[in-house]
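Listing of query.cif; format and content: mmCIF, C-alpha atoms and all ligand atoms.
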```cif
data_entry
#
loop_
_atom_site.label_atom_id
_atom_site.label_comp_id
_atom_site.auth_asym_id
_atom_site.auth_seq_id
_atom_site.Cartn_x
_atom_site.Cartn_y
_atom_site.Cartn_z
CA MET A 1 -19.68 56.62 49.01
CA ALA A 2 -18.93 53.41 47.13
CA ARG A 3 -17.66 50.64 49.36
CA MET A 4 -14.75 48.42 48.45
CA ILE A 5 -15.24 44.74 49.25
CA ALA A 6 -12.74 41.93 48.79
CA LEU A 7 -14.58 38.70 47.90
CA VAL A 8 -12.44 35.60 48.41
CA PRO A 9 -13.72 32.30 47.00
CA ALA A 10 -12.41 29.54 49.31
CA ALA A 11 -14.84 26.70 48.76
CA GLY A 12 -12.59 24.51 46.62
CA SER A 13 -11.37 21.06 47.62
CA GLY A 14 -7.82 21.36 46.29
CA SER A 15 -8.04 18.15 44.28
CA ARG A 16 -4.81 18.74 42.35
CA PHE A 17 -2.95 19.44 45.57
CA GLY A 18 -4.26 16.20 47.05
CA ALA A 19 -3.87 16.97 50.77
CA PRO A 20 -6.32 15.62 53.40
CA SER A 21 -7.70 19.13 53.96
CA PRO A 22 -8.27 21.76 51.22
CA LYS A 23 -5.05 23.63 50.38
CA GLN A 24 -6.36 26.96 51.73
CA TYR A 25 -6.26 25.46 55.24
CA LEU A 26 -2.75 23.95 55.12
CA GLN A 27 -0.28 25.35 57.61
CA LEU A 28 2.12 27.82 56.01
CA ASN A 29 4.64 29.67 58.18
CA GLY A 30 2.55 29.02 61.29
CA LYS A 31 -0.83 30.09 59.91
CA PRO A 32 -3.44 28.61 57.55
CA LEU A 33 -2.42 29.38 53.96
CA MET A 34 -5.52 31.50 53.45
CA TRP A 35 -4.73 33.61 56.53
CA HIS A 36 -1.89 35.24 54.57
CA THR A 37 -4.28 36.03 51.70
CA LEU A 38 -6.91 37.53 53.97
CA ALA A 39 -4.35 39.45 56.05
CA THR A 40 -2.96 41.17 52.94
CA LEU A 41 -6.42 42.20 51.73
CA ALA A 42 -7.36 43.42 55.21
CA ALA A 43 -4.15 45.49 55.33
CA VAL A 44 -5.13 47.53 52.25
CA PRO A 45 -6.42 50.84 53.62
CA GLY A 46 -9.11 51.27 50.93
CA VAL A 47 -10.69 47.86 51.54
CA ASP A 48 -13.76 48.07 53.82
CA GLU A 49 -14.63 44.37 54.15
CA VAL A 50 -12.94 41.05 53.40
CA ALA A 51 -15.69 38.52 52.72
CA VAL A 52 -14.57 34.91 52.44
CA VAL A 53 -16.86 32.34 50.79
CA VAL A 54 -16.59 28.81 52.17
CA SER A 55 -18.56 25.68 51.43
CA PRO A 56 -21.74 25.07 53.47
CA GLN A 57 -20.09 21.75 54.43
CA ASP A 58 -16.79 23.38 55.44
CA GLU A 59 -15.29 21.64 58.50
CA TRP A 60 -12.19 23.80 58.94
CA PHE A 61 -13.01 27.52 58.99
CA ASP A 62 -14.33 27.60 62.56
CA GLY A 63 -11.27 25.72 63.83
CA PHE A 64 -8.96 28.74 63.45
CA ASP A 65 -8.78 32.02 65.29
CA TRP A 66 -8.39 34.25 62.23
CA ASP A 67 -7.99 37.40 64.31
CA LEU A 68 -8.22 39.76 61.32
CA PRO A 69 -9.98 43.08 61.04
CA LYS A 70 -12.72 43.55 58.42
CA LEU A 71 -13.21 39.75 58.02
CA SER A 72 -16.63 38.19 57.43
CA VAL A 73 -17.62 34.73 56.22
CA ARG A 74 -20.41 33.60 53.86
CA ARG A 75 -21.12 29.84 53.83
CA VAL A 76 -22.53 29.81 50.31
CA GLY A 77 -19.78 28.17 48.23
CA GLY A 78 -20.90 26.32 45.10
CA SER A 79 -19.66 23.47 42.96
CA SER A 80 -17.40 25.70 40.83
CA ARG A 81 -15.33 28.79 41.53
CA ALA A 82 -17.68 30.88 39.39
CA GLU A 83 -20.69 29.64 41.37
CA SER A 84 -18.96 30.42 44.67
CA VAL A 85 -18.28 33.97 43.44
CA ALA A 86 -21.85 34.47 42.18
CA ASN A 87 -23.34 33.13 45.43
CA GLY A 88 -21.01 35.28 47.51
CA LEU A 89 -21.92 38.36 45.51
CA ALA A 90 -25.63 37.67 46.01
CA ALA A 91 -25.10 37.21 49.77
CA LEU A 92 -23.23 40.51 50.03
CA ALA A 93 -26.12 42.61 48.71
CA CYS A 94 -23.82 45.37 47.41
CA ALA A 95 -24.88 48.70 45.98
CA GLU A 96 -24.46 48.86 42.19
CA ASP A 97 -21.46 51.15 42.28
CA ASP A 98 -19.62 49.36 45.11
CA TRP A 99 -16.29 47.89 44.03
CA VAL A 100 -15.77 44.14 44.42
CA LEU A 101 -12.26 42.69 44.32
CA VAL A 102 -12.49 38.96 43.66
CA HIS A 103 -9.31 37.21 44.78
CA ASP A 104 -8.42 33.49 44.94
CA ALA A 105 -7.82 32.24 48.48
CA ALA A 106 -4.94 30.16 47.09
CA ARG A 107 -2.97 33.26 45.90
CA CYS A 108 -1.45 33.75 49.33
CA CYS A 109 1.62 35.78 48.24
CA LEU A 110 -0.41 38.77 47.06
CA SER A 111 1.19 42.03 48.16
CA VAL A 112 -0.52 45.14 49.53
CA ALA A 113 1.42 47.18 46.94
CA ALA A 114 -0.08 45.22 44.02
CA VAL A 115 -3.63 45.70 45.32
CA GLU A 116 -3.00 49.40 45.81
CA ARG A 117 -1.66 49.64 42.24
CA LEU A 118 -4.86 48.01 40.95
CA ILE A 119 -7.11 50.31 42.97
CA ALA A 120 -5.18 53.42 41.90
CA ALA A 121 -5.24 52.45 38.22
CA LEU A 122 -9.01 51.93 38.32
CA SER A 123 -9.95 55.09 40.13
CA GLY A 124 -12.60 56.73 37.97
CA HIS A 125 -12.77 53.74 35.61
CA ALA A 126 -16.28 52.83 34.50
CA VAL A 127 -15.82 49.06 34.19
CA GLY A 128 -12.94 47.66 36.23
CA GLY A 129 -9.92 45.52 35.59
CA LEU A 130 -7.51 42.92 36.85
CA LEU A 131 -3.95 42.26 37.84
CA ALA A 132 -2.13 40.40 35.09
CA LEU A 133 1.39 39.60 34.04
CA PRO A 134 2.86 40.25 30.58
CA VAL A 135 3.99 36.84 29.31
CA PRO A 136 7.75 36.79 29.97
CA ASP A 137 8.76 33.69 27.99
CA THR A 138 8.66 32.72 24.34
CA VAL A 139 5.31 31.06 23.63
CA LYS A 140 4.94 27.84 21.63
CA ARG A 141 1.80 26.21 20.27
CA ALA A 142 1.98 22.40 20.40
CA ASP A 143 0.66 19.94 17.85
CA ALA A 144 -1.13 16.74 18.88
CA ASP A 145 2.20 14.88 19.33
CA GLY A 146 3.79 17.47 21.58
CA HIS A 147 6.01 18.97 18.90
CA VAL A 148 6.16 22.68 18.23
CA ALA A 149 3.56 23.67 15.67
CA ALA A 150 4.26 27.39 15.90
CA THR A 151 5.95 30.15 17.86
CA VAL A 152 3.27 32.58 18.96
CA PRO A 153 4.29 36.25 19.21
CA ARG A 154 4.01 37.11 22.90
CA ASN A 155 3.51 40.78 22.19
CA GLY A 156 0.20 41.76 23.80
CA LEU A 157 -0.24 38.47 25.69
CA TRP A 158 -0.95 38.65 29.43
CA LEU A 159 -1.53 36.02 32.11
CA ALA A 160 -4.63 36.85 34.15
CA GLN A 161 -4.31 36.92 37.93
CA THR A 162 -6.51 38.15 40.73
CA PRO A 163 -7.74 40.43 42.31
CA GLN A 164 -10.21 41.18 39.55
CA MET A 165 -11.95 44.41 40.46
CA PHE A 166 -15.34 45.39 39.09
CA ARG A 167 -18.35 47.49 40.02
CA ALA A 168 -20.80 45.17 41.79
CA GLY A 169 -23.57 45.97 39.31
CA VAL A 170 -21.34 45.18 36.31
CA LEU A 171 -20.20 41.91 37.87
CA GLU A 172 -23.72 40.81 38.77
CA ASN A 173 -24.90 41.49 35.22
CA ALA A 174 -21.91 39.68 33.79
CA LEU A 175 -22.32 36.57 35.93
CA ARG A 176 -26.10 36.34 35.49
CA GLY A 177 -26.97 33.56 33.11
CA VAL A 178 -23.44 32.53 32.10
CA ALA A 179 -22.69 28.84 32.48
CA ALA A 180 -19.98 28.47 35.13
CA GLU A 181 -17.98 26.10 32.93
CA ASP A 182 -17.79 28.68 30.14
CA ILE A 183 -15.80 31.24 32.11
CA THR A 184 -12.53 30.86 33.98
CA ASP A 185 -12.39 34.34 35.47
CA GLU A 186 -14.65 37.29 36.18
CA ALA A 187 -13.06 39.37 33.43
CA ALA A 188 -14.16 36.83 30.80
CA ALA A 189 -17.77 37.24 31.94
CA VAL A 190 -17.46 41.05 31.83
CA GLU A 191 -15.90 40.87 28.34
CA ARG A 192 -19.02 39.03 27.17
CA LEU A 193 -21.02 42.16 27.91
CA GLY A 194 -18.84 43.92 25.34
CA LEU A 195 -16.90 45.77 28.04
CA LYS A 196 -13.12 46.09 28.23
CA PRO A 197 -11.46 45.46 31.61
CA LEU A 198 -8.17 47.28 32.21
CA LEU A 199 -5.00 45.16 32.51
CA VAL A 200 -2.85 46.30 35.44
CA GLU A 201 0.63 44.86 35.84
CA GLY A 202 0.86 42.39 38.74
CA ASP A 203 3.92 40.38 39.71
CA ALA A 204 5.12 36.80 39.48
CA GLN A 205 4.92 36.31 43.26
CA ASN A 206 1.13 36.47 43.02
CA PHE A 207 0.88 32.89 41.76
CA LYS A 208 -1.80 30.37 42.74
CA VAL A 209 -0.79 27.48 44.98
CA THR A 210 -2.00 24.48 42.99
CA TYR A 211 0.40 21.56 43.57
CA PRO A 212 2.45 20.49 46.63
CA ARG A 213 5.63 21.71 44.89
CA ASP A 214 4.24 25.28 45.00
CA LEU A 215 4.34 25.38 48.79
CA ALA A 216 8.12 25.78 49.09
CA LEU A 217 8.05 28.92 46.94
CA ALA A 218 5.12 30.40 48.87
CA ARG A 219 6.87 29.65 52.14
CA ALA A 220 10.07 31.36 50.97
CA ILE A 221 8.29 34.46 49.65
CA LEU A 222 6.30 34.94 52.87
CA ALA A 223 9.33 34.27 55.08
CA ALA A 224 11.41 36.84 53.15
CA ARG A 225 8.71 39.47 53.77
CA GLU A 226 8.77 38.79 57.52
CA ASP A 227 12.53 39.36 57.53
CA TYR A 228 12.48 43.09 56.98
N1 LIG B 301 -13.03 27.73 44.66
C1 LIG B 301 -14.28 27.97 45.21
N2 LIG B 301 -15.32 27.12 44.95
C2 LIG B 301 -15.16 26.06 44.14
C3 LIG B 301 -13.88 25.81 43.55
C4 LIG B 301 -12.83 26.68 43.82
O1 LIG B 301 -14.44 28.93 45.96
N3 LIG B 301 -16.19 25.24 43.94
C5 LIG B 301 -11.89 28.61 45.00
C6 LIG B 301 -10.71 27.85 45.59
O2 LIG B 301 -10.92 27.61 46.99
C7 LIG B 301 -9.54 28.76 45.27
C8 LIG B 301 -9.98 29.49 44.00
O3 LIG B 301 -11.37 29.24 43.85
O4 LIG B 301 -9.30 29.72 46.28
C9 LIG B 301 -9.16 29.04 42.79
O5 LIG B 301 -9.47 27.69 42.52
P1 LIG B 301 -8.42 26.50 42.42
O6 LIG B 301 -7.04 27.00 42.57
O7 LIG B 301 -8.77 25.70 41.22
O8 LIG B 301 -8.75 25.67 43.77
P2 LIG B 301 -9.46 24.26 43.89
O9 LIG B 301 -10.64 24.21 42.99
O10 LIG B 301 -9.69 24.04 45.35
O11 LIG B 301 -8.31 23.26 43.41
P3 LIG B 301 -8.45 22.08 42.34
O12 LIG B 301 -8.94 22.73 41.07
O13 LIG B 301 -7.08 21.50 42.25
O14 LIG B 301 -9.46 21.13 42.92
MG MG B 302 -10.37 24.34 40.84
#
```
So, in terms of structure tokens, how does the structure I just supplied come out?
Ligand code: CTP
Ligand code: MG
Amino acid sequence: MARMIALVPAAGSGSRFGAPSPKQYLQLNGKPLMWHTLATLAAVPGVDEVAVVVSPQDEWFDGFDWDLPKLSVRRVGGSSRAESVANGLAALACAEDDWVLVHDAARCCLSVAAVERLIAALSGHAVGGLLALPVPDTVKRADADGHVAATVPRNGLWLAQTPQMFRAGVLENALRGVAAEDITDEAAAVERLGLKPLLVEGDAQNFKVTYPRDLALARAILAAREDY
């Protein structure tokens, strides 16, 4: 039977966040930020393994007792997110029809329900798909001076999130030979093969912690979940 593997790139340095340690290791509600991410993925019944990819030079991972089922670590992170994902995929040695769910370590407010929605929507799908959010606001295109050049119809526009879930064989083919700087998510690489990933509605809570100001929101979302 096809396995389902969550692949979590966590080899970034968090340069925009600007903390002394990478943002995925910052303390958030008593645990490293990434613990919340990994715990959610491990709590999804269909997920067989949660494989986190850290940098070969990582100084932090071994300092925590992660105490999570299904967790494994691959120390093969690269110089870009795409490289970390490609290296992690190679290290996993999946079967072609295994499912791989690539999820950013820094999206720590992912919910089990959203992952289950993604998995259910893709059951029987040949290619795969991703969580994404229909653009809620009115969209403007700016000119060079920061004035509005146009109002862009938001109909049909989605913001891509993760997990992005693809058959391992499809993902390997898609990532082979693409320059890391040319793609910003796995779906873009898959689209280049002429395939059409399915958009599955995510939620706004599944945002990526990028700047220090994002931490207060993440803290509040996670604390509210612990309350009930
Ligand atoms: N990532 C990775 N390997 C890299 C760069 C990023 O595994 N060489 C991971 C990050 O750890 C993060 C995810 O990809 O979980 C999304 O990247 P981003 O939010 O951009 O994190 P950083 O690259 O660490 O942050 P910044 O761009 O501000 O430096
Ligand atoms: Mg980055």
Legend entry - Length of the atom CA of A:Gln24 to atom C9 of ligand LIG 301 (chain B) vector [Å]: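 Answer for the atom CA of A:Gln24 to atom C9 of ligand LIG 301 (chain B) separation: 9.6 Å.
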Legend entry - One-decimal distance in Å that lies between atom CA of A:Leu33 and atom CA of A:Gly63: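 So the answer is 13.8 Å.
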Legend entry - Residues within 8 Å of ligand LIG 301 (chain B), counting all atoms listed in the file, as number ranges by chain: A: 8-18, 22-24, 53-55, 77-85, 103-107, 208-211
Inset, instruction - May I ask for the distance between atom CA of A:Leu195 and atom CA of A:Gly129, given in Å to one decimal place? - result: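 Atom CA of A:Gly129 lies 10.3 Å from atom CA of A:Leu195.
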Legend entry - Polymer residues at most 10 Å from A:His125, only C-alpha atoms, same-chain spacing of 5 or more positions, as a ChimeraX atom specification: /A:119-120,166-167,197-198
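Minimum atom-to-atom distance to A:Leu89, evaluated using all atoms listed in the file, belongs to A:Arg176 out of A:Arg225, A:Lys31, A:His147, A:Arg176.
Closest approach to ligand MG 302 (chain B) from the set A:Glu181, A:Asn206, A:Ala39, A:Asn29 is made by A:Glu181, with distances taken over only C-alpha atoms and all ligand atoms.
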Legend entry - Ref. answer, residues at most 9 Å from (6.3, 37.9, 37.6) with only C-alpha atoms, as an NGL selection string: :A and (133-136 or 202-207)
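Taking all atoms listed in the file into account, A:Asn155 lies nearest to A:Val139 out of the set A:Leu68, A:Ala189, A:Val139, A:Ala19.
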Inset, instruction - For each of A:Ala160, A:Ala168, A:Ala2, A:Leu215, take the minimum atom-to-atom distance to A:Cys109, counting all atoms listed in the file, then give the residue where this is smallest. - result: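 Among the listed residues, A:Leu215 lies closest to A:Cys109.
Residues with any atom within 12 Å of A:Arg192, counting only C-alpha atoms and excluding same-chain neighbours fewer than 2 positions away, are Val170, Leu171, Asn173, Ala174, Leu175, Arg176, Gly177, Val178, Asp182, Ile183, Asp185, Glu186, Ala187, Ala188, Ala189, Val190, Gly194, Leu195, Lys196 and Pro197 of chain A.
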Legend entry - For ligand MG 302 (chain B), the nearest of the candidates A:Ala93, A:Ala43, A:Ala180, A:Leu193, counting all atoms listed in the file: A:Ala180
